[in-house]
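*Asks:* The structure that follows is given in the form of structure tokens.
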Amino acid sequence: MDFAGTEQEGESIIFSSIYKQYWEIGFKTRLYDWLSPEVYLESLQRVADSIRLGKGEWVLDVGCGSGLLLPFLANRLTRGERYLGMDILPAGLASLKLRANRLNLKGSVSGVQADLSMKLPLGDASVSCVAAHFSIYTLPEESDRRHAYQEFGRVLKPGGLLVTANPTHSYNAKQIIRASLESLRSQRRSWVVKKYGVYPLTFHLGLKYIEKQLKCGRWHGYRPEELREEVERAGFAIEHSETVYGGSGFLVVGRKS
Ligand SMILES: C[S@@+](CC[C@H](N)C(=O)[O-])C[C@H]1O[C@@H](n2cnc3c(N)ncnc32)[C@H](O)[C@@H]1O
């Protein structure tokens, strides 16, 4: 597999042009990477910790964006595990490619442009793990999310893992910043620059915007148990679930039976 487009006809109307521009600007300017709060990175670390792969096996990162998950898998990818990033936006895939080059992971990383609300451009049982970190929630309709989970089940090998994290119904931008600053302080890492220089932008340009979309239902915030139930209904056995992202995200790990 290499960085490639797909045969999919057009894009879903769900992914309207306003959201497209929101992510696109973030990826092109790299603001998306710079402004990511600490607890978001910790959530990515938890996803990486949950991924189980053998040598030569693939993880599919659905809605990979700029490939923020990649650094958390870097050591393993140099030892023969393989990564396929999938996103609807070419700008995300371009950033993923640059990141892979910077990390010297060119040989283990591929990218494909596709819409997760449609049939995925992969064969049945072709990957060992699907990671979907804060991407499914952009599908507001339950039927579209159900279709996406079914597609994950189709492309996963028997016994393969789905690791997904999504925002909670009670997503709280202020709490995400608070938790990020606490985390930086407890790690004795410099938080002054983040507090006064970075996080005000994170709050106003990123988190508040997302909070607003969740509140008005344009994106989906999960109630407790709901993410587990959706994953279970798609035929996965739940192996683990936890709260992440400073209390504003749920992470669920399911195994394809
Ligand atoms: C919040 S970002 C998460 C990116 C990455 N997973 C991370 O954790 O940094 C959401 C991503 O989902 C992608 N996305 C949204 N709707 C999509 C769709 N219908 N098909 C594929 N990707 C989609 C966006 O382009 C964006 O890259």
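Residue numbers start at 1 in each chain; chains themselves are named A, B, ... in the order of the structure tokens; ligands are numbered from 1 in the order shown.
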For ligand 1, collect every residue having any atom at a distance of at most 6 Å from a ligand atom (counting only C-alpha atoms and all ligand atoms); output as a compact mmCIF listing (two decimals) with C-alpha atoms, in the first residue's frame.
*Replies:*
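What follows is the written file part.txt:
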# COMPACT_ATOMS: atom_id res chain seq x y z
CA PHE A 15 -18.68 16.10 5.71
CA TRP A 23 -9.59 20.64 9.60
CA GLY A 63 -9.66 9.60 10.32
CA CYS A 64 -5.92 9.79 10.92
CA GLY A 65 -5.72 13.56 10.38
CA LEU A 68 -0.63 12.44 15.57
CA ASP A 87 -8.67 10.32 5.99
CA ILE A 88 -11.12 12.18 3.80
CA LEU A 89 -8.79 15.18 3.57
CA GLY A 92 -4.26 15.43 6.58
CA ALA A 114 -11.43 7.67 1.86
CA ASP A 115 -14.71 8.55 3.52
CA LEU A 116 -15.39 6.53 6.65
CA SER A 117 -19.15 6.77 6.17
CA HIS A 133 -9.22 8.30 17.64
CA PHE A 134 -11.77 11.13 17.71
CA SER A 135 -13.09 10.51 14.20
CA THR A 138 -18.05 13.44 13.22
*Asks:* Can you tell me, as JSON, numbers by chain, which residues in segment 61-223 of chain A count as strand (DSSP E) by DSSP?
*Replies:* {"A": [61, 62, 82, 83, 84, 85, 86, 87, 109, 110, 111, 112, 113, 127, 128, 129, 130, 131, 132, 133, 156, 157, 158, 159, 160, 161, 162, 163, 164, 165, 166, 167]}
*Asks:* With only C-alpha atoms as the basis for distance, which of A:Arg99, A:Arg46, A:Arg223, A:His204 is at the shortest distance from Phe27 of chain A?
*Replies:*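 Among the listed residues, A:Arg99 lies closest to Phe27 of chain A.
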*Asks:* May I ask for the distance between atom CA of His220 of chain A and atom CA of Glu182 of chain A, given in Å to one decimal place?
*Replies:*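 Going from atom CA of His220 of chain A over to atom CA of Glu182 of chain A covers 27.1 Å.
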*Asks:* From the DSSP assignment of the backbone, select every residue of segment 13-70 of chain A that is helix (DSSP H, G or I), and format the answer as a JSON list (two decimals) with C-alpha atoms, in the first residue's frame.
*Replies:*
[["chain", "number", "residue", "atom", "x", "y", "z"],
["A", 17, "SER", "CA", -17.42, 22.14, 3.41],
["A", 18, "ILE", "CA", -17.32, 24.18, 6.64],
["A", 19, "TYR", "CA", -15.89, 21.27, 8.65],
["A", 20, "LYS", "CA", -13.61, 20.42, 5.78],
["A", 21, "GLN", "CA", -12.12, 23.91, 5.92],
["A", 22, "TYR", "CA", -11.80, 23.75, 9.69],
["A", 23, "TRP", "CA", -9.59, 20.64, 9.60],
["A", 24, "GLU", "CA", -7.86, 21.61, 6.39],
["A", 25, "ILE", "CA", -6.66, 24.96, 7.76],
["A", 26, "GLY", "CA", -5.53, 23.22, 10.97],
["A", 27, "PHE", "CA", -3.49, 20.64, 9.05],
["A", 28, "LYS", "CA", -2.03, 23.04, 6.48],
["A", 29, "THR", "CA", -0.90, 25.59, 9.08],
["A", 31, "LEU", "CA", -1.99, 24.66, 14.14],
["A", 32, "TYR", "CA", -3.78, 21.35, 14.71],
["A", 33, "ASP", "CA", -0.54, 19.78, 15.96],
["A", 34, "TRP", "CA", 0.72, 22.76, 17.94],
["A", 35, "LEU", "CA", -2.55, 23.43, 19.71],
["A", 38, "GLU", "CA", -1.69, 17.54, 26.72],
["A", 39, "VAL", "CA", -4.61, 15.28, 27.65],
["A", 40, "TYR", "CA", -5.34, 14.70, 23.96],
["A", 41, "LEU", "CA", -1.79, 13.42, 23.50],
["A", 42, "GLU", "CA", -2.25, 11.22, 26.58],
["A", 43, "SER", "CA", -5.39, 9.78, 25.01],
["A", 44, "LEU", "CA", -3.39, 8.96, 21.86],
["A", 45, "GLN", "CA", -0.82, 7.25, 24.08],
["A", 46, "ARG", "CA", -3.61, 5.11, 25.59],
["A", 47, "VAL", "CA", -4.75, 4.14, 22.08],
["A", 48, "ALA", "CA", -1.19, 3.19, 21.14],
["A", 49, "ASP", "CA", -0.86, 1.15, 24.36],
["A", 50, "SER", "CA", -4.02, -0.80, 23.45],
["A", 70, "LEU", "CA", 2.35, 7.95, 14.58]]
*Asks:* How far is it from atom CA of Pro90 of chain A to atom CA of Arg30 of chain A, in Å with one decimal?
*Replies:* 14.0 Å
*Asks:* From the list A:Pro200, A:Gly54, A:Gly247, A:Gly67, which residue is nearest Tyr171 of chain A when using only C-alpha atoms?
*Replies:*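 The answer is A:Gly247, which sits nearest to Tyr171 of chain A.
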*Asks:* Restricting the calculation to only C-alpha atoms: of A:Ser241, A:Ser126, A:Ser143, A:Asn104, which residue gets closest to Gly160 of chain A?
*Replies:*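 Closest candidate: A:Ser126.
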*Asks:* For Gly217 of chain A, which residue among A:Tyr83, A:Phe250, A:Tyr199, A:Tyr137 is the nearest when counting only C-alpha atoms?
*Replies:*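 Comparing A:Tyr83, A:Phe250, A:Tyr199, A:Tyr137 against Gly217 of chain A, the winner is A:Tyr137.
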